[in-house]
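What's in final_7.pdb: PDB, C-alpha atoms and all ligand atoms
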MODEL        1
ATOM      1  CA  MET A  13      52.541  69.967 -98.310
ATOM      2  CA  SER A  14      56.138  70.772 -99.176
ATOM      3  CA  ARG A  15      57.177  74.358 -99.765
ATOM      4  CA  THR A  16      58.005  75.347-103.313
ATOM      5  CA  TYR A  17      61.662  74.845-103.945
ATOM      6  CA  ARG A  18      63.800  78.003-103.834
ATOM      7  CA  GLY A  19      67.541  77.544-103.874
ATOM      8  CA  ARG A  20      70.425  79.959-104.106
ATOM      9  CA  PHE A  21      74.108  80.477-104.789
ATOM     10  CA  ALA A  22      75.643  83.090-102.505
ATOM     11  CA  PRO A  23      79.215  83.979-103.463
ATOM     12  CA  SER A  24      81.302  86.549-101.648
ATOM     13  CA  PRO A  25      82.950  88.904-104.155
ATOM     14  CA  SER A  26      86.419  88.388-102.707
ATOM     15  CA  GLY A  27      87.726  86.946-105.961
ATOM     16  CA  PHE A  28      86.777  85.260-109.206
ATOM     17  CA  LEU A  29      84.870  82.009-109.629
ATOM     18  CA  HIS A  30      87.239  79.070-109.018
ATOM     19  CA  PHE A  31      86.524  75.351-109.337
ATOM     20  CA  GLY A  32      85.175  75.095-105.761
ATOM     21  CA  SER A  33      82.719  77.933-106.261
ATOM     22  CA  LEU A  34      81.699  76.565-109.675
ATOM     23  CA  VAL A  35      80.812  73.284-107.928
ATOM     24  CA  ALA A  36      78.728  75.288-105.416
ATOM     25  CA  ALA A  37      76.926  77.166-108.178
ATOM     26  CA  LEU A  38      76.313  74.018-110.215
ATOM     27  CA  ALA A  39      75.142  71.803-107.321
ATOM     28  CA  SER A  40      72.683  74.410-106.050
ATOM     29  CA  TYR A  41      71.465  75.096-109.608
ATOM     30  CA  LEU A  42      70.958  71.436-110.526
ATOM     31  CA  ASP A  43      69.221  70.525-107.281
ATOM     32  CA  ALA A  44      66.844  73.474-107.762
ATOM     33  CA  LYS A  45      66.166  72.830-111.445
ATOM     34  CA  HIS A  46      65.781  69.062-111.027
ATOM     35  CA  ASN A  47      63.100  69.813-108.430
ATOM     36  CA  ASN A  48      61.368  72.374-110.685
ATOM     37  CA  GLY A  49      62.533  75.103-108.354
ATOM     38  CA  GLN A  50      63.772  78.661-108.619
ATOM     39  CA  TRP A  51      67.488  79.357-108.419
ATOM     40  CA  LEU A  52      68.631  82.718-107.084
ATOM     41  CA  VAL A  53      71.990  84.432-106.916
ATOM     42  CA  ARG A  54      72.915  86.601-103.956
ATOM     43  CA  ILE A  55      76.152  88.546-103.780
ATOM     44  CA  GLU A  56      77.424  88.517-100.202
ATOM     45  CA  ASP A  57      79.198  91.866-100.248
ATOM     46  CA  ILE A  58      79.036  92.764 -96.558
ATOM     47  CA  ASP A  59      82.770  92.798 -95.974
ATOM     48  CA  PRO A  60      84.241  95.658 -98.049
ATOM     49  CA  PRO A  61      87.853  95.124 -96.861
ATOM     50  CA  ARG A  62      87.795  91.591 -98.319
ATOM     51  CA  GLU A  63      86.090  92.599-101.528
ATOM     52  CA  LYS A  64      87.967  92.609-104.805
ATOM     53  CA  ALA A  65      87.109  95.327-107.314
ATOM     54  CA  GLY A  66      85.155  93.925-110.250
ATOM     55  CA  ALA A  67      84.656  90.485-108.679
ATOM     56  CA  SER A  68      80.837  90.639-108.554
ATOM     57  CA  ALA A  69      80.497  91.494-112.232
ATOM     58  CA  GLU A  70      83.092  88.865-113.144
ATOM     59  CA  ILE A  71      81.307  86.148-111.130
ATOM     60  CA  LEU A  72      77.966  86.985-112.755
ATOM     61  CA  LYS A  73      79.487  87.048-116.249
ATOM     62  CA  THR A  74      81.120  83.665-115.653
ATOM     63  CA  LEU A  75      77.833  82.158-114.419
ATOM     64  CA  GLU A  76      76.161  83.401-117.597
ATOM     65  CA  ASN A  77      78.864  81.899-119.804
ATOM     66  CA  TYR A  78      78.385  78.615-117.969
ATOM     67  CA  GLY A  79      74.660  78.716-118.761
ATOM     68  CA  LEU A  80      73.725  79.130-115.102
ATOM     69  CA  HIS A  81      70.938  81.673-115.456
ATOM     70  CA  TRP A  82      69.285  82.904-112.283
ATOM     71  CA  ASP A  83      65.561  83.428-111.921
ATOM     72  CA  GLU A  84      65.151  86.740-110.097
ATOM     73  CA  ASP A  85      67.130  89.937-109.731
ATOM     74  CA  VAL A  86      70.470  89.430-108.029
ATOM     75  CA  LEU A  87      70.260  90.434-104.366
ATOM     76  CA  TYR A  88      73.237  92.374-102.988
ATOM     77  CA  GLN A  89      73.720  92.137 -99.247
ATOM     78  CA  SER A  90      75.138  95.652 -99.240
ATOM     79  CA  GLN A  91      71.563  96.797-100.011
ATOM     80  CA  GLN A  92      70.069  94.950 -97.053
ATOM     81  CA  SER A  93      71.437  97.006 -94.143
ATOM     82  CA  ASN A  94      68.047  98.295 -93.045
ATOM     83  CA  ILE A  95      66.683  94.795 -92.682
ATOM     84  CA  TYR A  96      69.726  93.626 -90.735
ATOM     85  CA  ARG A  97      69.350  96.654 -88.437
ATOM     86  CA  GLU A  98      65.680  95.847 -87.887
ATOM     87  CA  VAL A  99      66.542  92.309 -86.835
ATOM     88  CA  LEU A 100      69.259  93.602 -84.497
ATOM     89  CA  ALA A 101      66.753  96.021 -82.952
ATOM     90  CA  GLU A 102      64.229  93.234 -82.495
ATOM     91  CA  LEU A 103      66.811  90.989 -80.799
ATOM     92  CA  LYS A 104      67.708  93.830 -78.480
ATOM     93  CA  LYS A 105      64.068  94.530 -77.674
ATOM     94  CA  GLN A 106      63.560  90.904 -76.734
ATOM     95  CA  ASN A 107      66.712  90.889 -74.570
ATOM     96  CA  LEU A 108      68.232  88.247 -76.815
ATOM     97  CA  SER A 109      71.500  90.078 -77.460
ATOM     98  CA  TYR A 110      74.218  91.979 -75.618
ATOM     99  CA  TYR A 111      77.340  94.025 -76.206
ATOM    100  CA  CYS A 112      80.635  92.228 -75.884
ATOM    101  CA  ARG A 113      84.103  93.742 -75.671
ATOM    102  CA  CYS A 114      86.135  90.560 -75.415
ATOM    103  CA  THR A 115      89.061  90.272 -77.770
ATOM    104  CA  ARG A 116      90.020  87.256 -79.845
ATOM    105  CA  ALA A 117      93.114  86.852 -77.647
ATOM    106  CA  GLN A 118      91.012  86.785 -74.472
ATOM    107  CA  ILE A 119      88.719  84.122 -75.893
ATOM    108  CA  LYS A 120      91.688  82.101 -77.105
ATOM    109  CA  ALA A 121      93.196  82.274 -73.622
ATOM    110  CA  ILE A 122      90.126  80.560 -72.129
ATOM    111  CA  GLY A 123      90.168  77.740 -74.696
ATOM    112  CA  GLY A 124      88.678  79.336 -77.796
ATOM    113  CA  ILE A 125      84.994  79.023 -76.904
ATOM    114  CA  TYR A 126      83.204  82.145 -75.756
ATOM    115  CA  GLN A 127      81.644  81.581 -72.334
ATOM    116  CA  GLY A 128      79.189  84.464 -72.173
ATOM    117  CA  HIS A 129      81.531  86.718 -70.223
ATOM    118  CA  CYS A 130      79.768  89.980 -71.108
ATOM    119  CA  ARG A 131      76.185  88.688 -70.878
ATOM    120  CA  ASP A 132      75.337  90.496 -67.647
ATOM    121  CA  LEU A 133      77.931  93.242 -67.762
ATOM    122  CA  ALA A 134      75.852  95.849 -69.629
ATOM    123  CA  GLN A 135      78.871  96.821 -71.702
ATOM    124  CA  PRO A 136      78.756 100.143 -73.543
ATOM    125  CA  GLN A 137      77.822 100.152 -77.220
ATOM    126  CA  THR A 138      81.008 101.791 -78.453
ATOM    127  CA  ASP A 139      83.809  99.449 -79.509
ATOM    128  CA  SER A 140      81.626  96.450 -78.806
ATOM    129  CA  ALA A 141      80.420  93.548 -80.858
ATOM    130  CA  ILE A 142      76.844  92.325 -80.473
ATOM    131  CA  ARG A 143      76.291  88.704 -79.520
ATOM    132  CA  VAL A 144      73.072  86.726 -79.592
ATOM    133  CA  ILE A 145      72.048  84.752 -76.538
ATOM    134  CA  ASN A 146      72.133  81.244 -77.894
ATOM    135  CA  THR A 147      69.249  79.598 -76.126
ATOM    136  CA  THR A 148      69.048  76.607 -78.444
ATOM    137  CA  GLY A 149      72.589  75.422 -79.280
ATOM    138  CA  VAL A 150      71.727  73.096 -82.154
ATOM    139  CA  SER A 151      74.667  70.720 -82.651
ATOM    140  CA  GLN A 152      73.069  67.984 -84.761
ATOM    141  CA  PHE A 153      71.126  68.042 -87.951
ATOM    142  CA  ASN A 154      70.085  65.868 -90.814
ATOM    143  CA  ASP A 155      71.814  66.734 -94.064
ATOM    144  CA  LEU A 156      70.575  65.895 -97.550
ATOM    145  CA  ILE A 157      74.063  64.646 -98.511
ATOM    146  CA  GLN A 158      76.022  63.994 -95.308
ATOM    147  CA  GLN A 159      73.057  62.392 -93.474
ATOM    148  CA  GLN A 160      73.366  62.823 -89.687
ATOM    149  CA  VAL A 161      75.838  65.605 -88.888
ATOM    150  CA  THR A 162      77.201  66.162 -85.388
ATOM    151  CA  CYS A 163      79.115  69.349 -84.642
ATOM    152  CA  ASN A 164      81.217  70.449 -81.690
ATOM    153  CA  LYS A 165      78.660  70.898 -78.935
ATOM    154  CA  GLU A 166      80.395  73.669 -77.035
ATOM    155  CA  LEU A 167      80.959  75.653 -80.203
ATOM    156  CA  ALA A 168      77.325  75.170 -81.172
ATOM    157  CA  GLN A 169      76.184  76.566 -77.819
ATOM    158  CA  GLU A 170      78.313  79.672 -78.011
ATOM    159  CA  ASP A 171      76.653  83.085 -77.986
ATOM    160  CA  PHE A 172      77.681  84.151 -81.490
ATOM    161  CA  ILE A 173      78.466  87.521 -83.020
ATOM    162  CA  VAL A 174      75.833  89.215 -85.174
ATOM    163  CA  LEU A 175      77.428  92.654 -85.391
ATOM    164  CA  ARG A 176      81.185  92.884 -85.489
ATOM    165  CA  LYS A 177      83.217  95.264 -83.364
ATOM    166  CA  ASP A 178      84.221  97.123 -86.543
ATOM    167  CA  GLY A 179      80.527  97.798 -87.205
ATOM    168  CA  LEU A 180      80.152  95.298 -90.060
ATOM    169  CA  PHE A 181      77.242  92.850 -90.051
ATOM    170  CA  ALA A 182      78.328  89.299 -89.285
ATOM    171  CA  TYR A 183      77.969  86.558 -91.889
ATOM    172  CA  GLN A 184      75.654  84.525 -89.590
ATOM    173  CA  LEU A 185      73.221  87.418 -89.319
ATOM    174  CA  ALA A 186      73.199  88.365 -92.990
ATOM    175  CA  VAL A 187      72.952  84.840 -94.355
ATOM    176  CA  VAL A 188      70.027  83.792 -92.154
ATOM    177  CA  VAL A 189      68.133  87.058 -92.524
ATOM    178  CA  ASP A 190      68.506  86.908 -96.314
ATOM    179  CA  ASP A 191      67.641  83.239 -96.633
ATOM    180  CA  ILE A 192      64.450  84.108 -94.737
ATOM    181  CA  PHE A 193      63.937  87.301 -96.781
ATOM    182  CA  GLN A 194      64.293  85.364-100.042
ATOM    183  CA  ASN A 195      62.155  82.511 -98.768
ATOM    184  CA  ILE A 196      64.894  79.975 -99.473
ATOM    185  CA  SER A 197      63.781  76.382 -98.960
ATOM    186  CA  HIS A 198      67.030  74.526 -99.765
ATOM    187  CA  VAL A 199      70.658  75.453 -99.181
ATOM    188  CA  ILE A 200      73.175  73.330-101.102
ATOM    189  CA  ARG A 201      76.768  74.310-100.335
ATOM    190  CA  GLY A 202      80.201  73.013 -99.368
ATOM    191  CA  CYS A 203      81.263  71.178 -96.206
ATOM    192  CA  ASP A 204      83.332  74.175 -95.071
ATOM    193  CA  LEU A 205      79.990  75.522 -93.843
ATOM    194  CA  LEU A 206      78.889  72.545 -91.708
ATOM    195  CA  GLU A 207      79.688  74.197 -88.347
ATOM    196  CA  PRO A 208      78.108  77.497 -89.432
ATOM    197  CA  THR A 209      74.995  75.537 -90.395
ATOM    198  CA  ALA A 210      74.554  74.322 -86.802
ATOM    199  CA  ARG A 211      74.831  77.923 -85.687
ATOM    200  CA  GLN A 212      72.406  79.090 -88.333
ATOM    201  CA  LEU A 213      69.908  76.434 -87.257
ATOM    202  CA  SER A 214      70.140  77.817 -83.719
ATOM    203  CA  PHE A 215      69.523  81.280 -85.109
ATOM    204  CA  TYR A 216      66.414  80.162 -87.030
ATOM    205  CA  GLN A 217      65.013  78.834 -83.762
ATOM    206  CA  ILE A 218      65.871  82.029 -81.899
ATOM    207  CA  LEU A 219      64.107  84.008 -84.649
ATOM    208  CA  GLN A 220      61.254  81.483 -84.538
ATOM    209  CA  HIS A 221      61.427  80.782 -88.213
ATOM    210  CA  THR A 222      61.394  77.498 -90.123
ATOM    211  CA  ALA A 223      64.857  76.639 -91.399
ATOM    212  CA  PRO A 224      65.556  75.538 -94.965
ATOM    213  CA  LYS A 225      66.827  72.041 -95.707
ATOM    214  CA  PHE A 226      70.611  71.804 -95.992
ATOM    215  CA  GLY A 227      72.869  69.677 -98.166
ATOM    216  CA  HIS A 228      76.676  69.889 -98.008
ATOM    217  CA  PHE A 229      78.827  68.485-100.792
ATOM    218  CA  PRO A 230      82.537  67.669-100.264
ATOM    219  CA  LEU A 231      84.995  70.477-100.355
ATOM    220  CA  ALA A 232      87.561  70.562-103.162
ATOM    221  CA  VAL A 233      90.995  70.584-101.530
ATOM    222  CA  THR A 234      94.549  70.798-102.853
ATOM    223  CA  LYS A 235      95.712  68.423-100.088
ATOM    224  CA  PRO A 236      93.861  67.186 -96.987
ATOM    225  CA  GLY A 237      92.675  70.156 -94.949
ATOM    226  CA  PHE A 238      93.599  72.786 -97.551
ATOM    227  CA  LYS A 239      90.565  74.117 -99.310
ATOM    228  CA  LEU A 240      90.675  75.588-102.730
ATOM    229  CA  SER A 241      89.959  79.195-102.080
ATOM    230  CA  LYS A 242      90.354  82.660-103.370
ATOM    231  CA  GLN A 243      92.695  83.228-100.425
ATOM    232  CA  ASN A 244      95.180  80.584-101.589
ATOM    233  CA  ASN A 245      95.037  81.898-105.138
ATOM    234  CA  ALA A 246      92.916  79.145-106.629
ATOM    235  CA  GLN A 247      92.737  79.659-110.372
ATOM    236  CA  ALA A 248      89.646  81.221-111.867
ATOM    237  CA  VAL A 249      87.647  78.847-114.058
ATOM    238  CA  ASP A 250      88.035  79.708-117.736
ATOM    239  CA  LYS A 251      85.046  81.828-118.591
ATOM    240  CA  HIS A 252      85.667  81.375-122.321
ATOM    241  CA  ASN A 253      85.900  77.586-122.203
ATOM    242  CA  PRO A 254      83.134  76.332-119.901
ATOM    243  CA  ILE A 255      82.701  72.741-121.094
ATOM    244  CA  PRO A 256      85.775  71.047-119.547
ATOM    245  CA  SER A 257      85.173  72.686-116.146
ATOM    246  CA  LEU A 258      81.445  71.917-116.256
ATOM    247  CA  LEU A 259      82.163  68.238-116.942
ATOM    248  CA  SER A 260      84.828  68.123-114.210
ATOM    249  CA  ALA A 261      82.396  69.702-111.747
ATOM    250  CA  LEU A 262      79.737  67.108-112.661
ATOM    251  CA  ASN A 263      82.249  64.308-112.111
ATOM    252  CA  PHE A 264      83.285  65.863-108.821
ATOM    253  CA  LEU A 265      79.613  65.747-107.792
ATOM    254  CA  GLY A 266      79.414  62.046-108.659
ATOM    255  CA  GLN A 267      77.106  62.574-111.626
ATOM    256  CA  GLN A 268      79.048  60.532-114.250
ATOM    257  CA  PRO A 269      78.357  62.521-117.420
ATOM    258  CA  PRO A 270      78.604  60.291-120.510
ATOM    259  CA  ALA A 271      81.652  60.804-122.743
ATOM    260  CA  ALA A 272      79.437  61.954-125.612
ATOM    261  CA  LEU A 273      78.744  65.180-123.690
ATOM    262  CA  GLN A 274      82.295  66.326-124.451
ATOM    263  CA  GLN A 275      80.983  67.207-127.903
ATOM    264  CA  ALA A 276      77.779  68.781-126.615
ATOM    265  CA  SER A 277      76.932  72.451-126.023
ATOM    266  CA  VAL A 278      76.743  74.095-122.594
ATOM    267  CA  SER A 279      72.964  74.072-122.646
ATOM    268  CA  GLU A 280      72.837  70.414-123.727
ATOM    269  CA  ILE A 281      75.136  69.510-120.851
ATOM    270  CA  LEU A 282      72.967  71.384-118.366
ATOM    271  CA  ILE A 283      69.801  69.762-119.699
ATOM    272  CA  TRP A 284      71.365  66.316-119.313
ATOM    273  CA  ALA A 285      72.674  67.213-115.842
ATOM    274  CA  THR A 286      69.312  68.600-114.689
ATOM    275  CA  ASP A 287      67.377  65.569-115.915
ATOM    276  CA  ASN A 288      69.852  63.113-114.440
ATOM    277  CA  TRP A 289      70.740  64.959-111.246
ATOM    278  CA  SER A 290      70.833  62.607-108.301
ATOM    279  CA  ILE A 291      71.729  64.113-104.943
ATOM    280  CA  THR A 292      72.221  60.615-103.531
ATOM    281  CA  GLN A 293      75.142  60.147-105.927
ATOM    282  CA  VAL A 294      77.021  63.120-104.489
ATOM    283  CA  PRO A 295      79.879  61.693-102.390
ATOM    284  CA  ASN A 296      79.242  62.083 -98.674
ATOM    285  CA  SER A 297      82.884  62.638 -97.748
ATOM    286  CA  LYS A 298      83.829  65.997 -96.227
ATOM    287  CA  GLU A 299      86.509  66.744 -98.797
ATOM    288  CA  ILE A 300      87.974  65.486-102.049
ATOM    289  CA  VAL A 301      91.600  66.031-103.027
ATOM    290  CA  LEU A 302      91.768  67.263-106.603
TER     291      LEU A 302
HETATM  292  N1  LIG B   1      79.218  83.735 -99.085
HETATM  293  C1  LIG B   1      79.678  82.484 -98.561
HETATM  294  C2  LIG B   1      80.952  82.067 -99.248
HETATM  295  O1  LIG B   1      81.218  82.515-100.356
HETATM  296  C3  LIG B   1      78.698  81.344 -98.754
HETATM  297  C4  LIG B   1      77.503  81.520 -97.945
HETATM  298  C5  LIG B   1      76.480  80.423 -98.017
HETATM  299  O2  LIG B   1      76.413  79.639 -98.969
HETATM  300  O3  LIG B   1      75.706  80.377 -97.094
HETATM  301  O4  LIG B   1      81.691  81.300 -98.675
HETATM  302 ZN    ZN B   2      82.518  89.443 -74.041
ENDMDL
END
Represent the structure contained in this file as structure tokens.
Ligand code: GLU
Ligand code: ZN
Amino acid sequence: MSRTYRGRFAPSPSGFLHFGSLVAALASYLDAKHNNGQWLVRIEDIDPPREKAGASAEILKTLENYGLHWDEDVLYQSQQSNIYREVLAELKKQNLSYYCRCTRAQIKAIGGIYQGHCRDLAQPQTDSAIRVINTTGVSQFNDLIQQQVTCNKELAQEDFIVLRKDGLFAYQLAVVVDDIFQNISHVIRGCDLLEPTARQLSFYQILQHTAPKFGHFPLAVTKPGFKLSKQNNAQAVDKHNPIPSLLSALNFLGQQPPAALQQASVSEILIWATDNWSITQVPNSKEIVL
């Protein structure tokens, strides 16, 4: 029996919703709704230095204007610290983690892949990161859009950071713990997260928990290798004029909305898109130049 479908959109509030993040919201929404599932929104606000004031509220308002209504209360990662700490304590108890004091420069000097230097050194807690002992090293997985994905094997086997040296929870920890916490069954997101997915699949195994299914759509890029991101000042989608961006995002996802939808309302477009959603029509390239 298949689990009930629960999908999510998990933006970081480091800026406003741009075309790339609209595609992420829309793809995860449509795949959930087409499969009679729930669609949740989680604000990944675990990195205060990268946060932009007002971004969370702006993202949520834009989603509403685009007719992308979520099914349960928004979960804020900043409210989840106790759960992350519990998981860290459990890893420690099971001897599955250790303190690491290596710097980025040191790791770069040995080729960029962490080799477990601090594993047996019993480093002190202060000024240390916490790494997980990666016993599984998943480097291949089957993707709903990209089919068979193969990642860098050495990178996939790395002991990865779950608590940063600056005391902030690492993305890998928070995202897996929350996807488990929210009982997420399907993760539909961009190809910039393919390597992290391998790592997250390792983490699910370490935590002895069933992983969700993953589907990665192509990344929107300005030129090959340059993703549209809040960091390179990608423009916010127009929250007062959703229809053109919605139709562009559907085209980007290979859904071929009929021309007549240009005269339709937001909710009519979403009804059409939900009914006609076909994940097999999403291009299986890693990126698309806009
Ligand atoms: N918060 C991440 C981002 O905005 C996405 C995380 C995810 O979808 O797993 O890039
Ligand atoms: Zn180390």
Please write as a PyMOL selection string the full residue list that the PyMOL selection byres (((not hetatm)) within 10 of (chain B and resi 2)) yields on this file. chain A and resi 110-116+118-119+126-133+135+140-143+171
Given the file shown, enumerate the residues that the PyMOL selection byres (((chain A and resi 159) around 12) and not hetatm) captures and present them as an MDAnalysis selection string. chainID A and resid 152:158 160:162 206 225:229 291:292 294:298
Write out the residues from the selection above, keeping C-alpha atoms, as a PDB file, in the frame of the given file.
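The new file out-v1.pdb reads:
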ATOM      1  CA  GLN A 152      73.069  67.984 -84.761  1.00  0.00           C
ATOM      2  CA  PHE A 153      71.126  68.042 -87.951  1.00  0.00           C
ATOM      3  CA  ASN A 154      70.085  65.868 -90.814  1.00  0.00           C
ATOM      4  CA  ASP A 155      71.814  66.734 -94.064  1.00  0.00           C
ATOM      5  CA  LEU A 156      70.575  65.895 -97.550  1.00  0.00           C
ATOM      6  CA  ILE A 157      74.063  64.646 -98.511  1.00  0.00           C
ATOM      7  CA  GLN A 158      76.022  63.994 -95.308  1.00  0.00           C
ATOM      8  CA  GLN A 160      73.366  62.823 -89.687  1.00  0.00           C
ATOM      9  CA  VAL A 161      75.838  65.605 -88.888  1.00  0.00           C
ATOM     10  CA  THR A 162      77.201  66.162 -85.388  1.00  0.00           C
ATOM     11  CA  LEU A 206      78.889  72.545 -91.708  1.00  0.00           C
ATOM     12  CA  LYS A 225      66.827  72.041 -95.707  1.00  0.00           C
ATOM     13  CA  PHE A 226      70.611  71.804 -95.992  1.00  0.00           C
ATOM     14  CA  GLY A 227      72.869  69.677 -98.166  1.00  0.00           C
ATOM     15  CA  HIS A 228      76.676  69.889 -98.008  1.00  0.00           C
ATOM     16  CA  PHE A 229      78.827  68.485-100.792  1.00  0.00           C
ATOM     17  CA  ILE A 291      71.729  64.113-104.943  1.00  0.00           C
ATOM     18  CA  THR A 292      72.221  60.615-103.531  1.00  0.00           C
ATOM     19  CA  VAL A 294      77.021  63.120-104.489  1.00  0.00           C
ATOM     20  CA  PRO A 295      79.879  61.693-102.390  1.00  0.00           C
ATOM     21  CA  ASN A 296      79.242  62.083 -98.674  1.00  0.00           C
ATOM     22  CA  SER A 297      82.884  62.638 -97.748  1.00  0.00           C
ATOM     23  CA  LYS A 298      83.829  65.997 -96.227  1.00  0.00           C
TER      24      LYS A 298
END
Can you list what the PyMOL selection byres (((chain A and resi 71) around 10) and not hetatm) grabs from this structure, as a compact mmCIF listing (two decimals) with C-alpha atoms, in the frame of the given file?
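Result file expr-v8.txt:
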# COMPACT_ATOMS: atom_id res chain seq x y z
CA PRO A 23 79.22 83.98 -103.46
CA SER A 24 81.30 86.55 -101.65
CA PRO A 25 82.95 88.90 -104.16
CA GLY A 27 87.73 86.95 -105.96
CA PHE A 28 86.78 85.26 -109.21
CA LEU A 29 84.87 82.01 -109.63
CA HIS A 30 87.24 79.07 -109.02
CA SER A 33 82.72 77.93 -106.26
CA LEU A 34 81.70 76.56 -109.68
CA ILE A 55 76.15 88.55 -103.78
CA GLY A 66 85.16 93.92 -110.25
CA ALA A 67 84.66 90.48 -108.68
CA SER A 68 80.84 90.64 -108.55
CA ALA A 69 80.50 91.49 -112.23
CA GLU A 70 83.09 88.86 -113.14
CA LEU A 72 77.97 86.98 -112.76
CA LYS A 73 79.49 87.05 -116.25
CA THR A 74 81.12 83.66 -115.65
CA LEU A 75 77.83 82.16 -114.42
CA GLU A 76 76.16 83.40 -117.60
CA ASN A 77 78.86 81.90 -119.80
CA ALA A 248 89.65 81.22 -111.87
CA LYS A 251 85.05 81.83 -118.59
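Restricting the calculation to all atoms listed in the file, the smallest distance between Val189 of chain A and any of A:Asn94, A:Glu280, A:Glu166, A:Thr234 is found for A:Asn94.
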Output the neighbourhood of ligand LIG 1 (chain B) as a ChimeraX atom specification, that is, all protein and nucleic acid residues with some atom at most 7 Å from the ligand, counting all atoms listed in the file. /A:21-24,56,187,201
Taking into account only C-alpha atoms, which residue in the set A:Asn164, A:Ser40, A:Ser214, A:Asn48 is nearest to Asp287 of chain A?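 Ranked by minimum distance to Asp287 of chain A, first place goes to A:Asn48.
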Regenerate segment 71-76 of chain A at the level of all heavy atoms and dump it as a PDB file, in the coordinates of the input.
ATOM      1  N   ILE A  71      81.993  87.380-111.552  1.00  0.00           N
ATOM      2  CA  ILE A  71      81.307  86.148-111.130  1.00  0.00           C
ATOM      3  C   ILE A  71      80.014  85.979-111.941  1.00  0.00           C
ATOM      4  O   ILE A  71      79.724  84.910-112.475  1.00  0.00           O
ATOM      5  CB  ILE A  71      81.004  86.181-109.607  1.00  0.00           C
ATOM      6  CG1 ILE A  71      82.294  86.038-108.798  1.00  0.00           C
ATOM      7  CG2 ILE A  71      80.010  85.094-109.213  1.00  0.00           C
ATOM      8  CD1 ILE A  71      82.147  86.296-107.293  1.00  0.00           C
ATOM      9  N   LEU A  72      79.250  87.072-112.047  1.00  0.00           N
ATOM     10  CA  LEU A  72      77.966  86.985-112.755  1.00  0.00           C
ATOM     11  C   LEU A  72      78.174  86.665-114.233  1.00  0.00           C
ATOM     12  O   LEU A  72      77.454  85.861-114.827  1.00  0.00           O
ATOM     13  CB  LEU A  72      77.175  88.289-112.580  1.00  0.00           C
ATOM     14  CG  LEU A  72      76.743  88.589-111.131  1.00  0.00           C
ATOM     15  CD1 LEU A  72      76.077  89.954-111.025  1.00  0.00           C
ATOM     16  CD2 LEU A  72      75.809  87.499-110.598  1.00  0.00           C
ATOM     17  N   LYS A  73      79.187  87.297-114.830  1.00  0.00           N
ATOM     18  CA  LYS A  73      79.487  87.048-116.249  1.00  0.00           C
ATOM     19  C   LYS A  73      79.880  85.587-116.456  1.00  0.00           C
ATOM     20  O   LYS A  73      79.459  84.934-117.419  1.00  0.00           O
ATOM     21  CB  LYS A  73      80.637  87.983-116.671  1.00  0.00           C
ATOM     22  CG  LYS A  73      81.029  87.882-118.112  1.00  0.00           C
ATOM     23  CD  LYS A  73      80.085  88.728-118.973  1.00  0.00           C
ATOM     24  CE  LYS A  73      80.235  88.372-120.445  1.00  0.00           C
ATOM     25  NZ  LYS A  73      79.094  87.761-121.084  1.00  0.00           N
ATOM     26  N   THR A  74      80.684  85.066-115.535  1.00  0.00           N
ATOM     27  CA  THR A  74      81.120  83.665-115.653  1.00  0.00           C
ATOM     28  C   THR A  74      79.919  82.727-115.524  1.00  0.00           C
ATOM     29  O   THR A  74      79.777  81.780-116.304  1.00  0.00           O
ATOM     30  CB  THR A  74      82.183  83.344-114.578  1.00  0.00           C
ATOM     31  OG1 THR A  74      83.221  84.317-114.672  1.00  0.00           O
ATOM     32  CG2 THR A  74      82.782  81.967-114.788  1.00  0.00           C
ATOM     33  N   LEU A  75      79.034  83.002-114.565  1.00  0.00           N
ATOM     34  CA  LEU A  75      77.833  82.158-114.419  1.00  0.00           C
ATOM     35  C   LEU A  75      77.036  82.150-115.725  1.00  0.00           C
ATOM     36  O   LEU A  75      76.576  81.097-116.188  1.00  0.00           O
ATOM     37  CB  LEU A  75      76.944  82.672-113.275  1.00  0.00           C
ATOM     38  CG  LEU A  75      77.484  82.494-111.854  1.00  0.00           C
ATOM     39  CD1 LEU A  75      76.541  83.161-110.851  1.00  0.00           C
ATOM     40  CD2 LEU A  75      77.669  81.014-111.503  1.00  0.00           C
ATOM     41  N   GLU A  76      76.902  83.324-116.336  1.00  0.00           N
ATOM     42  CA  GLU A  76      76.161  83.401-117.597  1.00  0.00           C
ATOM     43  C   GLU A  76      76.828  82.561-118.679  1.00  0.00           C
ATOM     44  O   GLU A  76      76.163  81.820-119.406  1.00  0.00           O
ATOM     45  CB  GLU A  76      76.062  84.858-118.065  1.00  0.00           C
ATOM     46  CG  GLU A  76      74.915  85.581-117.392  1.00  0.00           C
ATOM     47  CD  GLU A  76      74.807  87.043-117.818  1.00  0.00           C
ATOM     48  OE1 GLU A  76      75.791  87.598-118.362  1.00  0.00           O
ATOM     49  OE2 GLU A  76      73.735  87.620-117.584  1.00  0.00           O
TER      50      GLU A  76
END
